[in-house]
Structures are given as structure tokens and as C-alpha cells.
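Asks: Input structure-v4.cif, format and content: mmCIF, C-alpha atoms.
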data_model
loop_
_atom_site.label_atom_id
_atom_site.label_comp_id
_atom_site.auth_asym_id
_atom_site.auth_seq_id
_atom_site.Cartn_x
_atom_site.Cartn_y
_atom_site.Cartn_z
CA MET W 6 289.92 139.65 231.97
CA GLN W 7 287.73 138.75 229.00
CA VAL W 8 284.07 137.89 228.44
CA ASP W 9 283.31 134.29 227.59
CA VAL W 10 280.30 133.80 225.32
CA LEU W 11 277.84 130.92 225.22
CA LEU W 12 275.51 130.49 222.24
CA GLY W 13 273.41 128.04 220.29
CA MET W 14 274.77 126.48 217.12
CA GLN W 15 271.44 125.42 215.61
CA TRP W 16 267.90 126.82 215.46
CA GLY W 17 267.63 127.36 219.22
CA ASP W 18 266.49 124.98 221.97
CA GLU W 19 269.98 123.52 222.30
CA GLY W 20 269.93 123.45 226.11
CA LYS W 21 271.72 126.73 226.80
CA GLY W 22 269.92 127.34 230.10
CA LYS W 23 271.14 124.12 231.66
CA ILE W 24 274.73 124.65 230.53
CA VAL W 25 274.83 128.25 231.78
CA ASP W 26 273.54 126.95 235.13
CA VAL W 27 276.31 124.32 235.16
CA LEU W 28 279.05 126.83 234.25
CA THR W 29 277.85 129.68 236.50
CA PRO W 30 280.02 128.71 239.52
CA LYS W 31 283.07 129.68 237.41
CA TYR W 32 281.75 133.21 236.82
CA ASP W 33 280.83 136.37 238.73
CA VAL W 34 278.40 137.88 236.20
CA ILE W 35 275.98 136.21 233.76
CA ALA W 36 274.72 138.62 231.08
CA ARG W 37 271.97 138.15 228.45
CA PHE W 38 272.85 140.13 225.33
CA GLN W 39 269.94 139.75 222.83
CA GLY W 40 266.47 138.35 222.25
CA GLY W 41 263.51 138.61 224.55
CA PRO W 42 260.73 136.49 226.01
CA ASN W 43 260.76 134.34 222.87
CA ALA W 44 263.61 132.54 224.64
CA GLY W 45 262.85 129.60 226.91
CA HIS W 46 265.87 128.47 228.92
CA THR W 47 265.04 125.38 230.98
CA LEU W 48 266.90 124.44 234.16
CA GLU W 49 266.37 121.34 236.30
CA PHE W 50 267.87 120.71 239.73
CA ASP W 51 266.81 119.39 243.13
CA GLY W 52 263.86 117.66 241.49
CA GLN W 53 262.40 120.93 240.17
CA LYS W 54 262.09 122.47 236.71
CA PHE W 55 262.37 126.18 235.94
CA VAL W 56 261.92 128.06 232.65
CA LEU W 57 263.48 131.50 232.21
CA HIS W 58 262.52 133.79 229.33
CA THR W 59 264.33 137.06 230.05
CA ILE W 60 266.36 136.57 233.23
CA PRO W 61 269.88 135.12 232.81
CA SER W 62 270.27 131.48 233.79
CA GLY W 63 272.69 132.12 236.66
CA ILE W 64 269.97 133.64 238.85
CA PHE W 65 269.69 130.63 241.18
CA HIS W 66 273.32 130.83 242.29
CA GLU W 67 274.20 132.78 245.43
CA GLY W 68 276.69 135.59 245.00
CA LYS W 69 276.31 135.82 241.21
CA MET W 70 275.08 138.94 239.43
CA ASN W 71 272.75 138.57 236.45
CA LEU W 72 272.47 141.37 233.89
CA ILE W 73 269.77 141.86 231.27
CA GLY W 74 271.79 143.72 228.64
CA ASN W 75 270.96 146.58 226.29
CA GLY W 76 270.45 144.21 223.34
CA VAL W 77 267.52 142.46 225.03
CA VAL W 78 263.89 143.50 224.51
CA ILE W 79 261.77 143.27 227.66
CA ASP W 80 258.08 142.58 228.20
CA PRO W 81 257.44 143.89 231.74
CA VAL W 82 254.50 141.52 232.22
CA THR W 83 256.58 138.45 231.38
CA LEU W 84 259.47 139.71 233.49
CA ARG W 85 257.19 140.25 236.48
CA LYS W 86 255.91 136.66 236.20
CA GLU W 87 259.48 135.37 236.13
CA ILE W 88 260.41 137.44 239.17
CA ASN W 89 257.34 136.26 241.06
CA ASN W 90 258.48 132.68 240.41
CA LEU W 91 261.85 133.61 241.91
CA ILE W 92 260.14 135.13 244.92
CA ASN W 93 258.22 131.88 245.41
CA GLN W 94 261.58 130.09 245.48
CA LYS W 95 262.92 132.66 247.96
CA VAL W 96 265.53 133.90 245.46
CA PRO W 97 266.67 137.43 246.49
CA TYR W 98 266.31 138.88 242.99
CA THR W 99 267.07 142.48 243.96
CA GLU W 100 270.56 141.33 245.01
CA ARG W 101 271.22 139.23 241.90
CA LEU W 102 269.54 141.02 238.99
CA LEU W 103 270.27 144.22 237.03
CA ILE W 104 268.60 145.69 233.94
CA SER W 105 270.28 147.87 231.34
CA LYS W 106 268.71 151.29 230.96
CA LYS W 107 269.20 150.93 227.20
CA ALA W 108 267.16 147.71 226.87
CA HIS W 109 263.98 148.30 224.83
CA LEU W 110 260.45 147.76 226.09
CA ILE W 111 257.84 145.55 224.43
CA LEU W 112 254.48 147.35 224.47
CA PRO W 113 251.08 145.62 224.38
CA THR W 114 250.59 147.03 220.90
CA HIS W 115 253.87 145.43 219.79
CA ARG W 116 252.26 142.08 220.50
CA LEU W 117 249.15 143.05 218.56
CA LEU W 118 251.30 144.26 215.67
CA ASP W 119 253.15 140.96 215.69
CA ALA W 120 249.89 139.01 215.43
CA ALA W 121 248.53 141.33 212.75
CA SER W 122 251.69 141.07 210.64
CA GLU W 123 251.82 137.29 210.91
CA ALA W 124 248.14 136.97 210.00
CA ALA W 125 248.65 139.19 206.96
CA LYS W 126 251.38 136.85 205.64
CA GLY W 127 248.93 133.96 205.39
CA LYS W 128 250.65 130.80 204.17
CA ASP W 129 253.96 132.67 204.05
CA LYS W 130 254.05 133.28 207.80
CA ILE W 131 257.49 132.92 209.39
CA GLY W 132 256.39 131.19 212.60
CA SER W 133 256.66 134.13 214.99
CA THR W 134 256.17 133.42 218.70
CA LEU W 135 253.80 136.47 218.70
CA LYS W 136 255.62 137.95 221.70
CA GLY W 137 256.09 141.33 220.01
CA ILE W 138 259.82 140.80 219.51
CA GLY W 139 260.03 141.74 215.81
CA PRO W 140 257.96 144.94 216.03
CA THR W 141 259.99 146.05 219.06
CA TYR W 142 263.29 145.63 217.22
CA MET W 143 261.73 147.46 214.25
CA ASP W 144 260.93 150.41 216.49
CA LYS W 145 264.45 150.23 217.89
CA THR W 146 266.09 150.47 214.46
CA GLY W 147 263.45 152.99 213.37
CA ARG W 148 264.41 155.18 216.36
CA ASN W 149 260.92 155.14 217.79
CA GLY W 150 261.36 152.74 220.70
CA LEU W 151 260.87 153.11 224.43
CA ARG W 152 263.71 152.03 226.69
CA ILE W 153 263.98 151.00 230.31
CA GLY W 154 265.61 154.34 231.11
CA ASP W 155 262.52 156.16 229.82
CA ILE W 156 260.53 154.75 232.74
CA GLU W 157 262.39 157.17 235.02
CA THR W 158 261.54 160.26 232.94
CA SER W 159 258.70 162.63 233.83
CA ASP W 160 256.99 162.31 230.44
CA PHE W 161 257.10 158.50 230.19
CA LYS W 162 253.33 158.10 229.88
CA GLU W 163 253.19 160.68 227.11
CA LYS W 164 255.97 158.86 225.23
CA TYR W 165 254.09 155.61 225.70
CA ALA W 166 250.80 157.04 224.43
CA SER W 167 252.44 158.50 221.34
CA LEU W 168 254.00 155.18 220.34
CA ARG W 169 250.85 153.23 221.19
CA ASP W 170 248.70 155.48 218.98
CA LYS W 171 251.13 155.05 216.10
CA HIS W 172 250.86 151.27 216.50
CA ILE W 173 247.06 151.38 216.54
CA GLN W 174 247.04 153.16 213.19
CA MET W 175 249.31 150.46 211.75
CA ILE W 176 247.16 147.64 213.15
CA GLU W 177 244.00 149.21 211.73
CA ARG W 178 245.63 149.44 208.29
CA LEU W 179 246.25 145.69 208.49
CA ASP W 180 242.54 145.24 209.22
CA PHE W 181 243.32 143.34 212.42
CA PRO W 182 240.93 143.46 215.41
CA ILE W 183 242.11 145.42 218.45
CA GLU W 184 240.58 143.61 221.39
CA GLY W 185 241.37 143.80 225.08
CA LEU W 186 243.95 146.56 224.73
CA GLU W 187 242.74 148.49 227.77
CA ALA W 188 243.15 145.47 230.04
CA MET W 189 246.56 144.72 228.49
CA GLU W 190 247.68 148.29 229.14
CA GLU W 191 246.52 148.19 232.76
CA GLU W 192 248.50 145.01 233.38
CA TRP W 193 251.53 146.45 231.53
CA MET W 194 251.60 149.68 233.53
CA SER W 195 251.29 147.71 236.76
CA ALA W 196 254.23 145.55 235.70
CA ILE W 197 256.24 148.69 234.89
CA GLU W 198 255.83 149.83 238.49
CA PHE W 199 256.83 146.39 239.74
CA ILE W 200 260.07 146.11 237.76
CA LYS W 201 261.25 149.37 239.30
CA THR W 202 262.23 147.14 242.24
CA VAL W 203 265.09 145.86 240.03
CA PRO W 204 268.12 148.18 239.81
CA PHE W 205 268.53 149.91 236.43
CA VAL W 206 272.15 150.46 235.34
CA ASN W 207 274.28 151.88 232.55
CA SER W 208 275.22 148.34 231.62
CA GLU W 209 278.12 149.12 229.30
CA TYR W 210 279.93 150.82 232.19
CA TYR W 211 278.93 148.06 234.59
CA ILE W 212 280.35 145.31 232.35
CA ASN W 213 283.59 147.12 231.53
CA ASN W 214 284.19 148.13 235.14
CA ALA W 215 283.60 144.51 236.18
CA LEU W 216 286.28 143.44 233.69
CA LYS W 217 288.73 145.99 235.12
CA GLU W 218 288.02 144.58 238.58
CA GLY W 219 289.02 141.12 237.37
CA LYS W 220 285.53 139.64 237.48
CA ARG W 221 284.68 136.69 235.23
CA ILE W 222 281.74 137.29 232.89
CA LEU W 223 279.69 134.86 230.82
CA ALA W 224 277.53 136.29 228.03
CA GLU W 225 274.41 134.16 227.51
CA GLY W 226 272.85 134.06 224.05
CA ALA W 227 269.27 133.22 223.17
CA GLN W 228 267.81 131.41 220.13
CA GLY W 229 270.51 129.93 217.84
CA SER W 230 273.08 130.94 215.22
CA LEU W 231 270.92 129.67 212.35
CA LEU W 232 268.25 132.16 213.45
CA ASP W 233 270.59 135.16 213.22
CA ILE W 234 269.01 138.11 211.40
CA ASP W 235 272.01 138.38 209.03
CA PHE W 236 273.38 134.85 208.76
CA GLY W 237 270.41 132.61 209.56
CA SER W 238 267.93 130.95 207.19
CA TYR W 239 266.39 134.31 206.20
CA PRO W 240 263.54 135.29 206.33
CA PHE W 241 262.76 132.49 208.79
CA VAL W 242 264.93 134.03 211.48
CA THR W 243 264.64 136.02 214.68
CA SER W 244 265.05 139.80 214.86
CA SER W 245 268.45 140.06 216.54
CA ASN W 246 272.07 139.04 216.04
CA THR W 247 272.34 135.70 217.81
CA ILE W 248 276.00 135.10 216.90
CA CYS W 249 279.06 136.01 218.97
CA ALA W 250 279.35 139.47 217.43
CA GLY W 251 275.95 140.27 218.99
CA ALA W 252 277.53 140.03 222.44
CA CYS W 253 279.64 143.10 221.64
CA THR W 254 276.71 145.29 220.59
CA GLY W 255 274.30 143.71 223.08
CA LEU W 256 276.50 144.43 226.10
CA GLY W 257 278.81 147.25 225.02
CA ILE W 258 282.10 145.36 225.00
CA ALA W 259 284.93 145.60 222.48
CA PRO W 260 285.70 142.62 220.19
CA ASN W 261 289.13 142.19 221.81
CA LYS W 262 287.39 141.53 225.13
CA ILE W 263 285.90 138.24 223.88
CA GLY W 264 287.52 135.15 225.41
CA ASP W 265 286.27 131.59 225.05
CA VAL W 266 283.23 130.96 222.86
CA TYR W 267 281.12 127.99 223.92
CA GLY W 268 279.00 126.59 221.09
CA ILE W 269 276.10 124.39 222.20
CA PHE W 270 274.47 121.89 219.87
CA LYS W 271 272.16 118.93 220.21
CA ALA W 272 273.33 115.47 219.19
CA TYR W 273 270.57 115.77 216.57
CA CYS W 274 268.67 118.80 215.19
CA THR W 275 265.35 120.45 215.99
CA ARG W 276 263.49 123.47 214.73
CA VAL W 277 260.29 125.24 215.83
CA GLY W 278 257.98 126.92 213.33
CA SER W 279 258.47 127.49 209.63
CA GLY W 280 261.67 127.57 207.62
CA PRO W 281 264.14 125.25 205.90
CA PHE W 282 265.33 122.16 207.73
CA PRO W 283 267.32 119.89 205.36
CA THR W 284 267.70 116.91 207.72
CA GLU W 285 264.10 116.95 209.00
CA LEU W 286 262.57 113.52 209.59
CA ASP W 287 258.86 113.77 208.97
CA ASN W 288 258.37 110.12 209.87
CA GLU W 289 258.36 107.69 212.79
CA ILE W 290 262.05 108.33 213.52
CA GLY W 291 261.39 112.07 213.81
CA GLN W 292 258.46 111.35 216.11
CA LYS W 293 260.62 109.04 218.20
CA LEU W 294 263.20 111.82 218.66
CA ARG W 295 260.40 114.23 219.58
CA ASP W 296 258.88 111.88 222.15
CA ILE W 297 262.12 110.77 223.81
CA GLY W 298 263.57 114.30 223.79
CA HIS W 299 260.32 115.95 224.96
CA GLU W 300 260.70 118.28 222.02
CA TYR W 301 258.02 120.85 222.69
CA GLY W 302 258.78 124.56 222.97
CA ALA W 303 259.42 125.84 226.51
CA THR W 304 257.95 129.20 225.49
CA THR W 305 255.26 128.27 222.97
CA GLY W 306 254.54 124.61 223.70
CA ARG W 307 254.69 123.94 219.96
CA PRO W 308 256.04 120.54 218.85
CA ARG W 309 259.56 120.84 217.47
CA ARG W 310 260.50 119.43 214.10
CA CYS W 311 263.26 116.83 214.50
CA GLY W 312 266.02 115.44 212.31
CA TRP W 313 269.57 114.12 212.17
CA LEU W 314 272.65 116.23 212.93
CA ASP W 315 273.54 118.61 210.09
CA MET W 316 277.32 118.99 209.94
CA VAL W 317 277.20 121.54 207.10
CA ALA W 318 275.15 123.87 209.30
CA LEU W 319 277.17 123.10 212.43
CA LYS W 320 280.51 123.87 210.77
CA TYR W 321 279.00 127.11 209.42
CA ALA W 322 277.96 128.15 212.93
CA VAL W 323 281.39 127.25 214.37
CA MET W 324 283.04 129.41 211.68
CA LEU W 325 280.76 132.43 212.23
CA ASN W 326 281.22 132.43 215.99
CA GLY W 327 284.89 131.55 216.32
CA VAL W 328 283.91 128.73 218.66
CA THR W 329 286.71 127.52 220.94
CA LYS W 330 284.77 124.79 222.79
CA LEU W 331 281.77 122.76 221.72
CA ILE W 332 279.16 121.39 224.10
CA MET W 333 276.91 118.53 222.98
CA THR W 334 273.53 118.16 224.66
CA LYS W 335 270.83 115.48 224.61
CA ALA W 336 273.17 112.63 223.74
CA ASP W 337 270.88 110.49 225.91
CA VAL W 338 267.99 110.98 223.45
CA LEU W 339 269.86 108.73 220.99
CA ASN W 340 270.37 105.95 223.57
CA THR W 341 267.96 103.51 221.90
CA PHE W 342 269.16 103.91 218.30
CA ASN W 343 271.17 101.12 216.69
CA GLU W 344 272.24 103.44 213.88
CA ILE W 345 272.57 107.21 213.57
CA GLU W 346 272.72 109.22 210.39
CA VAL W 347 274.66 112.46 209.94
CA CYS W 348 274.43 114.92 207.05
CA ASP W 349 277.98 115.67 205.87
CA ALA W 350 277.21 117.51 202.61
CA TYR W 351 274.42 118.96 200.47
CA GLN W 352 273.53 118.46 196.84
CA VAL W 353 272.23 121.68 195.32
CA GLY W 354 271.22 121.68 191.66
CA GLY W 355 273.18 118.48 191.19
CA ASP W 356 276.41 119.88 192.69
CA THR W 357 277.84 118.61 195.99
CA THR W 358 278.80 121.28 198.52
CA THR W 359 279.80 121.57 202.17
CA GLU W 360 278.84 125.25 202.25
CA LEU W 361 275.49 126.59 203.39
CA PRO W 362 273.81 127.97 200.25
CA TYR W 363 272.46 131.51 199.99
CA ASP W 364 268.96 130.10 199.71
CA HIS W 365 268.60 127.46 202.39
CA SER W 366 265.08 126.84 201.01
CA ASP W 367 266.34 125.90 197.52
CA PRO W 368 263.95 123.14 196.38
CA THR W 369 266.83 121.28 194.70
CA LEU W 370 268.73 120.96 198.02
CA LYS W 371 269.20 117.34 199.10
CA THR W 372 271.26 115.96 201.97
CA LYS W 373 274.11 113.50 201.68
CA THR W 374 274.37 111.37 204.81
CA ILE W 375 276.68 108.87 206.42
CA THR W 376 275.56 106.14 208.82
CA MET W 377 277.27 105.58 212.15
CA ALA W 378 276.75 102.93 214.81
CA GLY W 379 274.60 103.96 217.78
CA TRP W 380 275.47 103.12 221.38
CA ASN W 381 272.08 101.58 222.22
CA GLN W 382 272.55 101.82 225.99
CA GLU W 383 271.88 104.12 228.93
CA LEU W 384 274.51 106.76 229.68
CA SER W 385 275.92 107.97 232.97
CA ALA W 386 278.07 110.97 233.80
CA THR W 387 280.00 108.81 236.29
CA GLU W 388 280.91 106.02 233.86
CA THR W 389 283.07 105.70 230.76
CA LEU W 390 281.21 106.56 227.57
CA PRO W 391 280.65 103.70 225.12
CA LYS W 392 283.11 103.54 222.22
CA THR W 393 280.44 104.23 219.59
CA LEU W 394 279.53 107.50 221.34
CA GLU W 395 283.23 108.40 221.60
CA ASP W 396 283.48 107.69 217.86
CA TYR W 397 280.54 110.02 217.22
CA ILE W 398 282.22 112.72 219.32
CA SER W 399 285.58 112.23 217.59
CA TYR W 400 283.94 112.52 214.17
CA ILE W 401 282.31 115.85 215.09
CA GLU W 402 285.55 117.17 216.59
CA ALA W 403 287.49 116.26 213.46
CA GLU W 404 284.94 117.85 211.13
CA THR W 405 284.59 121.08 213.13
CA GLU W 406 288.25 121.23 214.22
CA CYS W 407 286.93 122.06 217.69
CA PRO W 408 286.97 120.03 220.93
CA ILE W 409 283.77 118.88 222.62
CA SER W 410 284.41 119.83 226.24
CA ILE W 411 281.06 118.90 227.79
CA VAL W 412 278.48 116.24 226.99
CA SER W 413 275.02 116.55 228.54
CA LEU W 414 273.41 113.20 229.30
CA GLY W 415 270.08 114.42 230.72
CA PRO W 416 268.21 117.52 231.88
CA ASP W 417 269.49 117.68 235.47
CA ARG W 418 272.64 119.54 236.56
CA THR W 419 274.19 116.27 237.69
CA GLN W 420 273.74 114.61 234.29
CA THR W 421 276.70 116.43 232.81
CA LEU W 422 280.04 114.96 231.75
CA VAL W 423 282.97 117.37 231.63
CA ARG W 424 285.49 115.77 229.27
CA ASP W 425 288.20 118.42 229.62
CA LEU W 426 288.42 119.90 233.10
CA GLN W 427 291.10 122.38 232.03
CA SER W 428 289.06 123.85 229.19
CA ALA W 429 285.59 123.78 230.76
#
Mind converting the file's structure to C-alpha cells?

Replies:
Amino acid sequence: MQVDVLLGMQWGDEGKGKIVDVLTPKYDVIARFQGGPNAGHTLEFDGQKFVLHTIPSGIFHEGKMNLIGNGVVIDPVTLRKEINNLINQKVPYTERLLISKKAHLILPTHRLLDAASEAAKGKDKIGSTLKGIGPTYMDKTGRNGLRIGDIETSDFKEKYASLRDKHIQMIERLDFPIEGLEAMEEEWMSAIEFIKTVPFVNSEYYINNALKEGKRILAEGAQGSLLDIDFGSYPFVTSSNTICAGACTGLGIAPNKIGDVYGIFKAYCTRVGSGPFPTELDNEIGQKLRDIGHEYGATTGRPRRCGWLDMVALKYAVMLNGVTKLIMTKADVLNTFNEIEVCDAYQVGGDTTTELPYDHSDPTLKTKTITMAGWNQELSATETLPKTLEDYISYIEAETECPISIVSLGPDRTQTLVRDLQSA
């Protein structure tokens, strides 16, 4: 057996949570492999809406195991809130959830460091969610971090105090106020005790043993490929590897164990926070996309920047990830448009290119667009798609050399059209 991987092709918010929920019946294990509570995966079914930040999106399915992998960074307070929401829905989380012992912990002082660092950047801030993600990954690579497995050691509180005190010195050097830390620590330690109710595992052995047993595994990514620490629009990126290769290091699986790679993209583009966005529409069309698509961050509540589909960026993401199947979401948001524009190339310094430039923020970068007919009608997963939407799909498939296997026509599970039953 192999591990199938599902990831975002844009700057996050592509609708990964819903699609994982739709695909989960095909799998035995759903595993998150990177990111942290900066993720906001939204699921809607039975007239209810749920937002998951750390827990994999297969948690609502009976008989499915959900693993928080070693590449994830965990805020115990956020995780406890998520679990309490599951308890309210009578989800037996102790039977469906596992946490890797090698996953790193987000401390209260990581969050303070995040805020202090962002404040120090002034107008050059990168748009951090202020969840402590970046400082936690910095401690991980700096070999200073605390991991889930440390909770079970006899000197855990001493390890915690040592790292906290180091953080306080750093925050003071940034001249940032340290307020409410004692209360934050009390809540954090209480949450640490609570998450002990979730089984801790050596996840790399768990995943590989599951493969030997013939179990089907889906690796769930967070954020999007254009936010990858190496290949995204640096420095306006997240702190982890969001591309397919991150599934190997974030779960402990070999590259030859990767099977299908599902690449999810919106029928248009959005971005939260700062950073380059070539097709951004800072006008009434962008606002229309935002309003119809309810484009506000599930984690931060911040309004998302909106624009037309960027094929240069999408083809780049398909290449980096070795995508075998594309999934288009939010096609319904374009239902009322008579015409749709698509960026098919850039002009950089007067030269036309279909490659993503080294500096995505190059002030000379301009987009070259084509105009396509919109479908200007409501869509249904039980009816034939209009020809103009099929033309839009065919254009994307031809450009990316990759089939679109699923089209999402709304937020609910049932609003999903599977175009190729054999491949999806």
C-alpha cells in the first residue's frame, strides 16, 4: 500500500477540510503532517459547520483513525478546545485520535515571541497569525524545542521553565510587554494534563505498520504550496514544508511510499495577510468574490484578498507536488459572472514568462490574462455541468496536464461532483 497525499495548490484556504471529509470513507487513517493551529479546515454536514485547526478532518467518521504527525506543532490549549467541541458532538475522540510523540509543543511564550517579532517588523510584517507557529519551528530547528513525548518525562516542568525563561529574555530584548503570562501558563499546564487522554504514539512506526497491514492512508496538508518555506513567495510564507515532500518528513514515510497526490485549488485565488498576489482584484469584482465566497479566515477572521485564477502559480504547484489528480473548489462562487479572466503568463521587466520568478514581489511583474465565458447559472452536483464550466475545466486540465477529478459546488458534503469515479 501507499500513502495518498492531499494538499493546497494556492495560498491556503482552498477547501481541504471539506475534501478530506468527502474522501475519508475510502481510507483507514487520516494523518496531518505539518503546520499547526494556523490552519482552519472547515467542514459542513447535517446542517452544521465545524472548524478544525489541529485535528485531521476525518475525525467525524466512525472507524477511522486520525493521526497528528511529528511535523505538526501543537498548542495544547487550542487542541483542548477542539476536543471539547468533539465531546459536545459525542465524538469518541480517544478511539479516533492519536498524537505523535515527536510533534513539537507551542508554549505561551512562543505566542508572545510571535507577536513581539511581528511588531518589531513594523510595515514589513509578514502577516503572521500570531499563533506561535514560527517561533516553535525555530526552536525545533534550533534543537531547543519541547515535544509531546517530553510530557511523559519526570523533568518536564524543568524543561518547560528553562525554555520559557530563554523566551522571556528574547521578548524583553525586543522591548515587548509581557502581560498575562501567569494566567496563560496556568491554562497551558491544565491543557497539557487534558491532552494526556489522547494516546501518544511513535507515529513513524504506526504509519509504516499500518501500510504493511494493507491500510489506506491519506496525508492531509495544511496551508498551501505557495506558502511553502522553501518554494513559496518568501518571506511571506509559513514555517513548514507544505508541499508533498513534507509528508515524508512530517510522517516518517519513504518517498517511494507516496501514491496519488490530490491538488486542491479554488476556481479563483485568495490570500490572507501580506505578500505578493499578482492577480489580486482590489476593486468591486474582488469584493464580489469575497462576499459570495464568504472569504474570511476560519482561524483569524481576517478578510481574504481575492483575484482571478493564476495558471502560472497553479502549474508551478502541480510541478512541485507531482500532482496526479486536481480538485477544484468553489466553482459556485463564479455562478453569477458573465465573463471570467485567467492569468496565463507574467510580464517581468518587459519579458513574457510562464515561470514563477525568483522574486514574486518584483514591482515590474504584470499579469497577462485571457477572458473566458462564465456559466451565469446555479450549479448542482446531480445535474450536467454547463458547457462553459466544462470549457473552463478542460482549459485547466490542458494547461496543467492533470485531470480534475472532483468539482466542489458548495460547502456541504453533498455539494460535490465526482467526475471520475475510478480515479477519485

Asks: Could you work out how far CA of Ile248 (chain W) lies from CA of Leu325 (chain W), giving the answer in Å with one decimal?

Replies: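 Answer for the CA of Leu325 (chain W) to CA of Ile248 (chain W) separation: 7.2 Å.
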
Asks: Which region 86-173 of chain W residues have any atom within 12 Å of an atom of region 301-323 of chain W, and for each, what is the nearest pair of atoms with distance in Å to one decimal, counting only C-alpha atoms, rows sorted by chain and number, as a tab-separated table?

Replies:
residue	atom	partner	partner_atom	distance
W:Gly132	CA	W:Arg307	CA	10.5
W:Ser133	CA	W:Thr305	CA	10.0
W:Thr134	CA	W:Thr305	CA	6.8
W:Leu135	CA	W:Thr305	CA	9.4
W:Lys136	CA	W:Thr305	CA	9.8

Asks: Please build the interface table for region 362-406 of chain W against region 270-276 of chain W with a cut-off of 12 Å, listing for each qualifying residue the nearest atom pair and the distance in Å to one decimal; count all atoms listed in the file, order rows by chain and increasing number, and write it as CSV.

Replies:
residue,atom,partner,partner_atom,distance
W:Gly379,CA,W:Ala272,CA,11.7
W:Leu394,CA,W:Ala272,CA,10.3
W:Tyr397,CA,W:Ala272,CA,9.3
W:Ile398,CA,W:Ala272,CA,9.3
W:Ile401,CA,W:Ala272,CA,9.9

Asks: Take the PyMOL selection byres ((chain W and resi 363-377) around 7), run it mentally on this structure, and tell me the resulting residues as a PyMOL selection string.

Replies: chain W and resi 238+281+283-284+344-354+361-362+378-379

Asks: Please tabulate, as a Markdown table, the residues of region 106-135 of chain W that come within 10 Å of region 196-209 of chain W, each with its closest pair of atoms and the distance in Å to one decimal, counting all atoms listed in the file and ordering rows by chain, then residue number upward.

Replies:
| residue | atom | partner | partner_atom | distance |
| --- | --- | --- | --- | --- |
| W:Lys106 | CA | W:Val206 | CA | 5.6 |
| W:Lys107 | CA | W:Asn207 | CA | 7.4 |
| W:Ala108 | CA | W:Ser208 | CA | 9.4 |
| W:Leu110 | CA | W:Ile197 | CA | 9.8 |

Asks: What is the CA of His58 (chain W)-CA of Ser245 (chain W) distance in Å, reported with one decimal?

Replies: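 Spanning CA of His58 (chain W) to CA of Ser245 (chain W) is a straight-line distance of 15.4 Å.
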